[in-house]
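Text of entry18.cif, listed as mmCIF, C-alpha atoms:
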data_work
#
loop_
_atom_site.label_atom_id
_atom_site.label_comp_id
_atom_site.auth_asym_id
_atom_site.auth_seq_id
_atom_site.Cartn_x
_atom_site.Cartn_y
_atom_site.Cartn_z
CA MET A 1 0.00 0.00 0.00
CA THR A 2 2.82 2.40 0.81
CA ALA A 3 4.87 1.47 -2.25
CA GLU A 4 4.13 4.82 -3.94
CA LEU A 5 4.94 6.80 -0.83
CA ASP A 6 8.51 8.04 -0.48
CA PRO A 7 9.89 5.85 2.35
CA LEU A 8 12.24 8.62 3.42
CA ILE A 9 9.36 10.99 4.15
CA HIS A 10 6.83 8.34 5.20
CA VAL A 11 8.07 8.26 8.81
CA PRO A 12 6.23 10.43 11.37
CA THR A 13 9.28 12.33 12.63
CA ARG A 14 10.72 13.03 9.19
CA LEU A 15 7.31 13.96 7.81
CA ARG A 16 6.96 16.54 10.60
CA ILE A 17 10.43 17.95 9.85
CA VAL A 18 9.79 18.24 6.12
CA ALA A 19 6.27 19.70 6.54
CA THR A 20 7.53 22.29 9.04
CA LEU A 21 10.39 23.43 6.79
CA ALA A 22 8.07 23.48 3.76
CA ALA A 23 5.93 26.13 5.50
CA LEU A 24 8.84 28.58 5.19
CA PRO A 25 9.25 30.61 1.99
CA ASP A 26 11.52 29.01 -0.61
CA GLY A 27 15.19 29.56 0.31
CA ASP A 28 14.62 30.49 3.95
CA ALA A 29 16.26 28.46 6.71
CA LEU A 30 15.31 27.63 10.30
CA SER A 31 17.66 27.36 13.24
CA PHE A 32 18.17 23.91 14.71
CA THR A 33 17.02 25.07 18.17
CA ARG A 34 13.76 26.58 16.86
CA LEU A 35 13.01 23.44 14.85
CA GLN A 36 13.71 21.33 17.92
CA ASP A 37 11.37 23.51 20.03
CA MET A 38 8.61 23.31 17.45
CA LEU A 39 8.79 19.53 17.08
CA GLY A 40 9.55 18.69 20.71
CA LEU A 41 12.32 16.25 19.75
CA THR A 42 15.55 15.46 21.55
CA PRO A 43 18.69 16.89 19.86
CA GLY A 44 20.01 13.37 19.21
CA ASN A 45 16.83 12.18 17.49
CA LEU A 46 16.55 15.35 15.42
CA ILE A 47 20.18 15.11 14.27
CA ILE A 48 19.69 11.49 13.14
CA GLN A 49 16.57 12.34 11.12
CA LEU A 50 18.10 15.51 9.64
CA ARG A 51 21.18 13.56 8.57
CA LYS A 52 19.03 11.01 6.68
CA LEU A 53 17.15 13.79 4.89
CA GLU A 54 20.36 15.68 4.11
CA GLU A 55 22.00 12.54 2.67
CA ALA A 56 19.04 12.22 0.31
CA GLY A 57 19.45 15.85 -0.77
CA TYR A 58 16.07 16.86 0.70
CA LEU A 59 17.53 19.49 2.99
CA SER A 60 20.69 21.48 3.44
CA SER A 61 22.31 22.60 6.67
CA GLU A 62 24.71 25.41 7.41
CA LYS A 63 26.85 25.98 10.47
CA THR A 64 27.89 29.52 11.41
CA ARG A 65 30.08 30.53 14.30
CA THR A 66 29.60 33.81 16.19
CA GLY A 67 32.30 34.09 18.81
CA SER A 68 32.12 30.92 20.88
CA ALA A 69 28.53 30.09 19.90
CA GLN A 70 27.81 27.87 16.93
CA LYS A 71 24.49 28.14 15.12
CA THR A 72 23.10 25.51 12.78
CA THR A 73 20.36 26.29 10.29
CA VAL A 74 18.45 23.87 8.08
CA ALA A 75 16.46 24.50 4.91
CA LEU A 76 14.41 22.39 2.56
CA THR A 77 16.07 22.10 -0.87
CA ALA A 78 14.24 22.28 -4.19
CA ARG A 79 14.57 18.49 -4.34
CA GLY A 80 12.99 18.22 -0.89
CA ARG A 81 10.05 20.40 -1.90
CA THR A 82 9.53 18.33 -5.05
CA ALA A 83 9.67 15.12 -3.01
CA LEU A 84 7.10 16.45 -0.52
CA ALA A 85 4.81 17.56 -3.36
CA ALA A 86 5.05 14.08 -4.91
CA TYR A 87 4.43 12.47 -1.50
CA THR A 88 1.34 14.67 -0.99
CA ARG A 89 -0.01 13.72 -4.41
CA ALA A 90 0.58 10.04 -3.68
CA LEU A 91 -1.28 10.37 -0.37
CA ARG A 92 -4.22 12.05 -2.10
CA ASP A 93 -4.34 9.29 -4.71
CA LEU A 94 -4.17 6.60 -2.04
CA LEU A 95 -6.87 8.17 0.12
CA GLY A 96 -9.09 8.65 -2.90
CA GLY A 97 -9.09 4.88 -3.30
CA LEU A 98 -9.86 4.03 0.33
CA ASP A 99 -13.25 3.70 1.98
CA GLU A 100 -14.05 5.06 5.46
CA ASP A 101 -12.62 1.94 7.11
CA GLY A 102 -9.36 2.23 5.18
CA ARG A 103 -10.12 -0.70 2.84
CA ALA A 104 -9.24 -0.42 -0.84
CA VAL A 105 -12.31 0.31 -2.93
CA PRO A 106 -12.56 -2.41 -5.62
CA ALA A 107 -12.18 -0.76 -9.00
CA ALA A 108 -14.72 -3.11 -10.61
CA ARG A 109 -17.41 -2.15 -8.09
CA THR A 110 -16.96 1.56 -8.68
CA ALA A 111 -16.87 1.06 -12.39
CA VAL A 112 -20.01 -1.10 -12.55
CA THR A 113 -22.18 0.66 -9.98
CA PRO A 114 -24.27 3.23 -11.83
CA PRO A 115 -24.26 6.74 -10.36
CA ALA A 116 -27.28 7.64 -8.26
CA ALA A 117 -29.75 9.82 -10.07
CA PRO A 118 -30.03 13.42 -8.84
CA GLY A 119 -32.72 13.73 -6.20
CA GLY A 120 -32.33 10.10 -5.17
CA CYS A 121 -34.71 8.76 -7.82
CA MET B 1 0.50 21.37 22.22
CA ASP B 2 -2.22 19.61 20.20
CA HIS B 3 -2.16 15.85 19.79
CA ILE B 4 -0.21 14.97 16.69
CA PRO B 5 -1.80 11.98 14.92
CA GLY B 6 0.75 9.32 14.14
CA ALA B 7 3.50 11.09 16.09
CA ALA B 8 3.79 8.09 18.35
CA ALA B 9 3.45 5.57 15.55
CA GLY B 10 6.34 3.27 14.89
CA GLN B 11 8.93 3.83 12.20
CA ASP B 12 8.32 2.93 8.57
CA GLY B 13 6.01 -0.11 8.30
CA ASP B 14 2.95 0.67 10.45
CA PHE B 15 2.38 4.30 9.47
CA ASP B 16 -1.07 4.35 7.92
CA PRO B 17 -1.61 6.71 4.94
CA ARG B 18 -4.65 8.25 6.66
CA GLN B 19 -2.54 8.95 9.73
CA ALA B 20 0.16 10.38 7.48
CA ALA B 21 -2.38 12.66 5.76
CA ALA B 22 -3.75 13.88 9.09
CA LEU B 23 -0.23 14.45 10.43
CA LEU B 24 0.88 16.32 7.30
CA ASP B 25 -2.18 18.59 7.41
CA GLN B 26 -1.86 19.24 11.14
CA VAL B 27 1.89 19.98 11.11
CA THR B 28 1.52 22.23 8.06
CA VAL B 29 -1.28 24.23 9.71
CA GLN B 30 0.71 24.56 12.95
CA ALA B 31 3.84 25.67 11.07
CA ARG B 32 1.89 28.21 9.01
CA ARG B 33 0.40 29.66 12.21
CA THR B 34 3.86 29.87 13.78
CA PHE B 35 5.53 31.53 10.80
CA THR B 36 2.71 33.96 9.90
CA PRO B 37 3.81 37.38 11.19
CA LEU B 38 0.49 39.22 10.93
CA THR B 39 -2.03 36.96 12.65
CA PRO B 40 -5.81 37.00 12.13
CA LEU B 41 -6.28 38.15 15.74
CA LEU B 42 -4.00 41.14 15.13
CA TRP B 43 -6.02 42.07 12.02
CA ILE B 44 -9.24 41.87 14.06
CA PHE B 45 -7.70 44.19 16.65
CA ARG B 46 -6.71 46.59 13.87
CA ALA B 47 -10.30 46.51 12.60
CA PHE B 48 -11.42 47.52 16.08
CA ILE B 49 -8.83 50.33 16.15
CA ALA B 50 -10.05 51.68 12.80
CA LEU B 51 -13.67 51.63 13.91
CA ALA B 52 -12.98 53.12 17.35
CA VAL B 53 -10.57 55.88 16.27
CA PHE B 54 -12.11 56.98 12.97
CA GLY B 55 -15.63 56.42 14.33
CA GLY B 56 -14.71 58.48 17.39
CA CYS B 57 -13.45 61.29 15.17
CA TRP B 58 -16.70 61.20 13.18
CA LEU B 59 -18.78 61.33 16.36
CA SER B 60 -16.70 64.29 17.46
CA VAL B 61 -16.98 66.37 14.27
CA ARG B 62 -20.37 65.40 12.84
CA GLY B 63 -22.22 68.15 14.73
CA GLU B 64 -19.89 70.95 13.67
CA HIS B 65 -21.62 73.65 11.61
CA PRO B 66 -19.55 75.12 10.12
CA TYR B 67 -16.94 72.41 10.09
CA THR B 68 -13.87 73.32 12.16
CA GLY B 69 -12.07 69.96 12.27
CA HIS B 70 -11.79 70.14 16.04
CA ILE B 71 -11.72 66.61 17.51
CA GLY B 72 -12.76 65.97 21.11
CA GLY B 73 -10.05 65.32 23.71
CA TRP B 74 -10.81 61.65 24.37
CA VAL B 75 -10.42 60.52 20.75
CA PRO B 76 -6.72 61.44 20.31
CA ALA B 77 -5.99 59.90 23.73
CA LEU B 78 -7.77 56.66 22.73
CA ALA B 79 -5.97 56.68 19.37
CA VAL B 80 -2.56 57.05 21.03
CA VAL B 81 -3.23 54.17 23.44
CA LEU B 82 -4.57 51.83 20.73
CA VAL B 83 -1.75 52.68 18.30
CA ILE B 84 0.88 52.01 20.99
CA VAL B 85 -0.76 48.65 21.80
CA ASN B 86 -0.90 47.86 18.07
CA ILE B 87 2.79 48.68 17.56
CA GLY B 88 3.77 46.62 20.60
CA TRP B 89 1.62 43.64 19.61
CA THR B 90 2.86 43.79 16.00
CA ALA B 91 6.49 43.86 17.17
CA VAL B 92 5.91 40.83 19.42
CA VAL B 93 4.19 38.68 16.77
CA ILE B 94 6.73 39.61 14.09
CA ALA B 95 9.62 38.77 16.42
CA HIS B 96 7.99 35.45 17.37
CA ALA B 97 7.27 34.48 13.76
CA GLY B 98 10.78 35.35 12.62
CA ASP B 99 12.61 33.77 15.58
CA GLY B 100 15.27 31.45 14.18
CA VAL B 101 14.26 32.15 10.56
CA SER B 102 16.84 33.50 8.12
CA GLY B 103 17.14 33.87 4.38
CA PRO B 104 16.17 36.03 1.40
CA ALA B 105 12.41 36.08 2.12
CA GLN B 106 13.06 37.17 5.70
CA ARG B 107 15.32 40.03 4.50
CA LYS B 108 12.67 41.13 1.98
CA TRP B 109 10.03 41.12 4.72
CA HIS B 110 12.21 43.35 6.93
CA ALA B 111 12.72 45.72 3.98
CA TRP B 112 8.94 45.93 3.49
CA LEU B 113 8.45 46.66 7.19
CA GLY B 114 11.09 49.41 7.05
CA VAL B 115 9.47 51.08 4.04
CA MET B 116 6.05 50.92 5.71
CA ALA B 117 7.41 52.48 8.91
CA VAL B 118 8.90 55.36 6.89
CA ALA B 119 5.62 55.77 4.95
CA TRP B 120 3.62 55.97 8.21
CA ILE B 121 6.02 58.53 9.72
CA ILE B 122 6.06 60.73 6.60
CA ALA B 123 2.31 60.52 5.93
CA TYR B 124 1.26 61.41 9.47
CA GLY B 125 4.32 63.60 10.13
CA VAL B 126 3.05 66.08 7.54
CA THR B 127 0.07 66.87 9.77
CA ALA B 128 2.31 68.75 12.23
CA PRO B 129 3.62 71.40 9.76
CA LEU B 130 0.12 71.57 8.26
CA TYR B 131 -1.28 72.43 11.67
CA HIS B 132 1.61 74.81 12.39
CA ALA B 133 1.05 76.61 9.08
CA ALA B 134 -2.55 77.20 10.18
CA ALA B 135 -4.00 75.47 7.13
CA ALA B 136 -7.66 76.14 6.39
CA HIS B 137 -10.00 74.06 8.55
CA PRO B 138 -11.45 71.96 5.73
CA VAL B 139 -7.89 71.07 4.67
CA TRP B 140 -6.86 70.40 8.24
CA GLY B 141 -9.95 68.28 8.71
CA LEU B 142 -9.70 66.35 5.45
CA TYR B 143 -5.97 65.63 5.31
CA PRO B 144 -5.65 63.54 8.51
CA ALA B 145 -8.84 61.66 7.74
CA SER B 146 -7.89 60.16 4.42
CA ALA B 147 -4.64 61.41 2.87
CA PRO B 148 -2.12 59.53 5.10
CA LEU B 149 -3.81 56.19 4.52
CA LEU B 150 -3.98 56.93 0.78
CA ILE B 151 -0.20 57.51 0.73
CA ILE B 152 0.51 54.50 2.96
CA GLY B 153 -1.88 52.29 1.00
CA VAL B 154 -0.40 53.15 -2.40
CA ALA B 155 3.21 52.85 -1.18
CA GLY B 156 2.48 49.58 0.64
CA ALA B 157 0.64 48.08 -2.34
CA ALA B 158 3.39 49.03 -4.79
CA ILE B 159 6.15 47.44 -2.72
CA ALA B 160 4.07 44.42 -1.70
CA ALA B 161 3.31 43.79 -5.38
CA ALA B 162 7.02 44.13 -6.26
CA PHE B 163 7.79 41.54 -3.58
CA ARG B 164 4.88 39.34 -4.71
CA TYR B 165 3.10 39.56 -1.34
CA TRP B 166 -0.30 39.27 -3.00
CA PRO B 167 -2.53 39.20 0.14
CA LEU B 168 -0.75 42.29 1.53
CA THR B 169 -1.05 43.94 -1.87
CA GLY B 170 -4.80 43.40 -1.69
CA THR B 171 -5.07 44.75 1.85
CA THR B 172 -2.99 47.89 1.26
CA LEU B 173 -4.76 48.52 -2.05
CA ALA B 174 -8.08 48.26 -0.19
CA PHE B 175 -6.77 50.89 2.28
CA ALA B 176 -5.92 53.20 -0.64
CA VAL B 177 -9.33 52.69 -2.30
CA VAL B 178 -11.16 53.39 0.98
CA ALA B 179 -9.06 56.53 1.55
CA ALA B 180 -9.70 57.74 -2.01
CA ALA B 181 -13.44 57.14 -1.59
CA ALA B 182 -13.41 58.92 1.78
CA GLY B 183 -12.10 62.03 0.02
CA PHE B 184 -15.55 62.36 -1.58
CA GLY B 185 -17.39 61.98 1.72
CA GLY B 186 -17.03 65.57 2.86
CA PRO B 187 -15.09 66.74 5.94
CA ALA B 188 -17.17 64.86 8.53
CA GLY B 189 -18.32 61.96 6.36
CA SER B 190 -14.76 61.05 5.39
CA TRP B 191 -14.05 59.95 8.98
CA LEU B 192 -17.04 57.60 8.92
CA ILE B 193 -16.15 56.13 5.52
CA MET B 194 -12.59 55.58 6.71
CA GLY B 195 -13.72 53.85 9.90
CA ILE B 196 -16.14 51.47 8.20
CA GLY B 197 -13.94 50.88 5.14
CA LEU B 198 -10.73 50.16 7.04
CA CYS B 199 -12.59 47.97 9.51
CA ALA B 200 -14.03 45.91 6.63
CA ALA B 201 -10.60 45.66 4.94
CA CYS B 202 -8.94 44.47 8.17
CA LEU B 203 -11.71 41.93 8.89
CA GLY B 204 -11.46 40.65 5.32
CA THR B 205 -7.71 40.23 5.72
CA ALA B 206 -8.23 38.43 9.03
CA ALA B 207 -10.68 36.00 7.42
CA PHE B 208 -8.42 35.39 4.41
CA THR B 209 -5.34 34.87 6.62
CA ALA B 210 -7.24 32.38 8.81
CA TRP B 211 -8.47 30.50 5.73
CA ARG B 212 -4.96 30.32 4.24
CA GLN B 213 -3.49 29.09 7.52
CA ASN B 214 -6.07 26.42 8.17
CA ARG B 215 -6.56 24.75 4.79
CA GLY B 216 -4.94 21.35 4.60
CA VAL B 217 -2.50 20.23 1.94
CA VAL B 218 -3.86 16.71 1.52
CA ARG B 219 -7.50 17.57 2.22
CA PRO B 220 -7.91 21.25 1.26
#

Go through the file and emit its structure as C-alpha cells.
Amino acid sequence: MTAELDPLIHVPTRLRIVATLAALPDGDALSFTRLQDMLGLTPGNLIIQLRKLEEAGYLSSEKTRTGSAQKTTVALTARGRTALAAYTRALRDLLGGLDEDGRAVPAARTAVTPPAAPGGC
Amino acid sequence: MDHIPGAAAGQDGDFDPRQAAALLDQVTVQARRTFTPLTPLLWIFRAFIALAVFGGCWLSVRGEHPYTGHIGGWVPALAVVLVIVNIGWTAVVIAHAGDGVSGPAQRKWHAWLGVMAVAWIIAYGVTAPLYHAAAAHPVWGLYPASAPLLIIGVAGAAIAAAFRYWPLTGTTLAFAVVAAAAGFGGPAGSWLIMGIGLCAACLGTAAFTAWRQNRGVVRP
C-alpha cells in the first residue's frame, strides 16, 4: 500500500520535519534550536533524522560561528520540496481509493455501480 | 501542544496513509500559524482600532456647523493608546514568527516593514507642519482623515506587489481605495467612511489569513 509513498518521508518524525520546513518561503532556513522547540524532539533524534534527509538531498544545513557560539540552520532544498509535493499527491491518490474503514475500494465495483440519479430517484 | 496523529506511531512499516495525511495537514497548519507574522487576531484588533478611532473622530466632528475639524479630547488619547498597543503587539508577533528564521524572504520582509514604517512617519508627520502653518480648517480636517492612509496604501501596495506579497497587496490597495473614496465623503463623512472601510478591509484580511493558515494540503 505504501509502495508509492517516499519511504524517506513516510516516517512520522521526518514527515513533521519536512512539513515544518516546507511552511517557510523558498530559500529560507530555520535554526536547529527553533526546529527542535517546534517539534519537541531530543537533539540526538533530530540530528539522526536531519542527517538522513540531508543525505538524500532533501535538505541542506549550514553551520555559522559567532564568537564561541555555533548556530546551525536547516532549509528544505528544491529536491525536498519536489519530493514532498510528490508524496502529498501520492497520499491524495491513495486516500481517494480508500473507503471510510481504510479498505481499498474495488475498481470493478466503482466502475459497474451506476451513479445515483439526482434527487435520489 | 495539540495531539499529533501518528506522532507516536512506529517507524516505517505501520504508518497508515490516513494517519500520514492527518499528520501532514496538522503539522503544516501549525507551522503556518507559527511563521505567519500578521495573525488574524492582530487584524481583528486593527479593525477595532479603525472603527474606534475613525468612528470616534466622526462622532466628534459630525455636529460641527460650520466644520472646524476640532476633535474631542478623548479621541486622540484613545488613538494614542490603541496605536501604541498595536505597535507593541505587532512587534511581538513579528519577532515570534521570525525567531530562528533567516534567508532572502526574511530580508525582503524586513525591507517591506522598514518602508512601511517610513511611509507611516512621513504621511502622518506632515500633519504637524500643516497644523503649524494654520491650514484652512477643511484642509486640516480632510488631510488627517484620508490622505495619510492613501499615501501608505499606495506605497504599501506598490512594494508588496514588487515583492509578490499578493494578500498584503490586496489589503494595502483596499486601504488606498477606501481613503480615495473617503475624500468624496465631505469633511465629517470622510471619517465615517474611513472607519467602516478600514474595519471591513482588516476583517477581510483576518478572514483570508485564517483560511490560508487552516486549509490542509492533503484535504484542502

(message) Would you compute the distance between CA of Phe184 in chain B and CA of Leu149 in chain B? Give it in Å to one decimal.
(response) 14.6 Å

(request) Fewer than 3 positions away in the same chain doesn't count, so skip those; otherwise give me all residues within 8 Å of Leu24 in chain A, counting all atoms listed in the file, as a ChimeraX atom specification. (result) /A:20-21,28-29 /B:32,35

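Picture a line from CA of Ala162 in chain B to CA of Arg107 in chain B; it runs 14.2 Å.
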
(message) As a check of understanding, name the residues that the PyMOL selection byres ((chain A and resi 8) around 12) selects in the supplied structure, as a PyMOL selection string.
(response) (chain A and resi 2-7+9-18+49-58+80+83-84+87) or (chain B and resi 11-13)

Go ahead and save the residues from that selection, with C-alpha atoms, as a tab-separated table (two decimals), keeping the file's coordinate frame.
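Final file, again_26.tsv:
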chain	number	residue	atom	x	y	z
A	2	THR	CA	2.82	2.40	0.81
A	3	ALA	CA	4.87	1.47	-2.25
A	4	GLU	CA	4.13	4.82	-3.94
A	5	LEU	CA	4.94	6.80	-0.83
A	6	ASP	CA	8.51	8.04	-0.48
A	7	PRO	CA	9.89	5.85	2.35
A	9	ILE	CA	9.36	10.99	4.15
A	10	HIS	CA	6.83	8.34	5.20
A	11	VAL	CA	8.07	8.26	8.81
A	12	PRO	CA	6.23	10.43	11.37
A	13	THR	CA	9.28	12.33	12.63
A	14	ARG	CA	10.72	13.03	9.19
A	15	LEU	CA	7.31	13.96	7.81
A	16	ARG	CA	6.96	16.54	10.60
A	17	ILE	CA	10.43	17.95	9.85
A	18	VAL	CA	9.79	18.24	6.12
A	49	GLN	CA	16.57	12.34	11.12
A	50	LEU	CA	18.10	15.51	9.64
A	51	ARG	CA	21.18	13.56	8.57
A	52	LYS	CA	19.03	11.01	6.68
A	53	LEU	CA	17.15	13.79	4.89
A	54	GLU	CA	20.36	15.68	4.11
A	55	GLU	CA	22.00	12.54	2.67
A	56	ALA	CA	19.04	12.22	0.31
A	57	GLY	CA	19.45	15.85	-0.77
A	58	TYR	CA	16.07	16.86	0.70
A	80	GLY	CA	12.99	18.22	-0.89
A	83	ALA	CA	9.67	15.12	-3.01
A	84	LEU	CA	7.10	16.45	-0.52
A	87	TYR	CA	4.43	12.47	-1.50
B	11	GLN	CA	8.93	3.83	12.20
B	12	ASP	CA	8.32	2.93	8.57
B	13	GLY	CA	6.01	-0.11	8.30

Specify as a short mmCIF file (atom, residue, chain, number, x, y, z; two decimals) with C-alpha atoms, in the coordinates of the input each residue included when the PyMOL selection byres ((chain A and resi 26) around 12) is applied to this file.
data_model
loop_
_atom_site.label_atom_id
_atom_site.label_comp_id
_atom_site.auth_asym_id
_atom_site.auth_seq_id
_atom_site.Cartn_x
_atom_site.Cartn_y
_atom_site.Cartn_z
CA LEU A 21 10.39 23.43 6.79
CA ALA A 22 8.07 23.48 3.76
CA ALA A 23 5.93 26.13 5.50
CA LEU A 24 8.84 28.58 5.19
CA PRO A 25 9.25 30.61 1.99
CA GLY A 27 15.19 29.56 0.31
CA ASP A 28 14.62 30.49 3.95
CA ALA A 29 16.26 28.46 6.71
CA LEU A 30 15.31 27.63 10.30
CA LEU A 59 17.53 19.49 2.99
CA ALA A 75 16.46 24.50 4.91
CA LEU A 76 14.41 22.39 2.56
CA THR A 77 16.07 22.10 -0.87
CA ALA A 78 14.24 22.28 -4.19
CA ARG A 79 14.57 18.49 -4.34
CA GLY A 80 12.99 18.22 -0.89
CA ARG A 81 10.05 20.40 -1.90
CA THR A 82 9.53 18.33 -5.05
CA VAL B 101 14.26 32.15 10.56
CA SER B 102 16.84 33.50 8.12
CA GLY B 103 17.14 33.87 4.38
CA PRO B 104 16.17 36.03 1.40
CA ALA B 105 12.41 36.08 2.12
CA GLN B 106 13.06 37.17 5.70
#
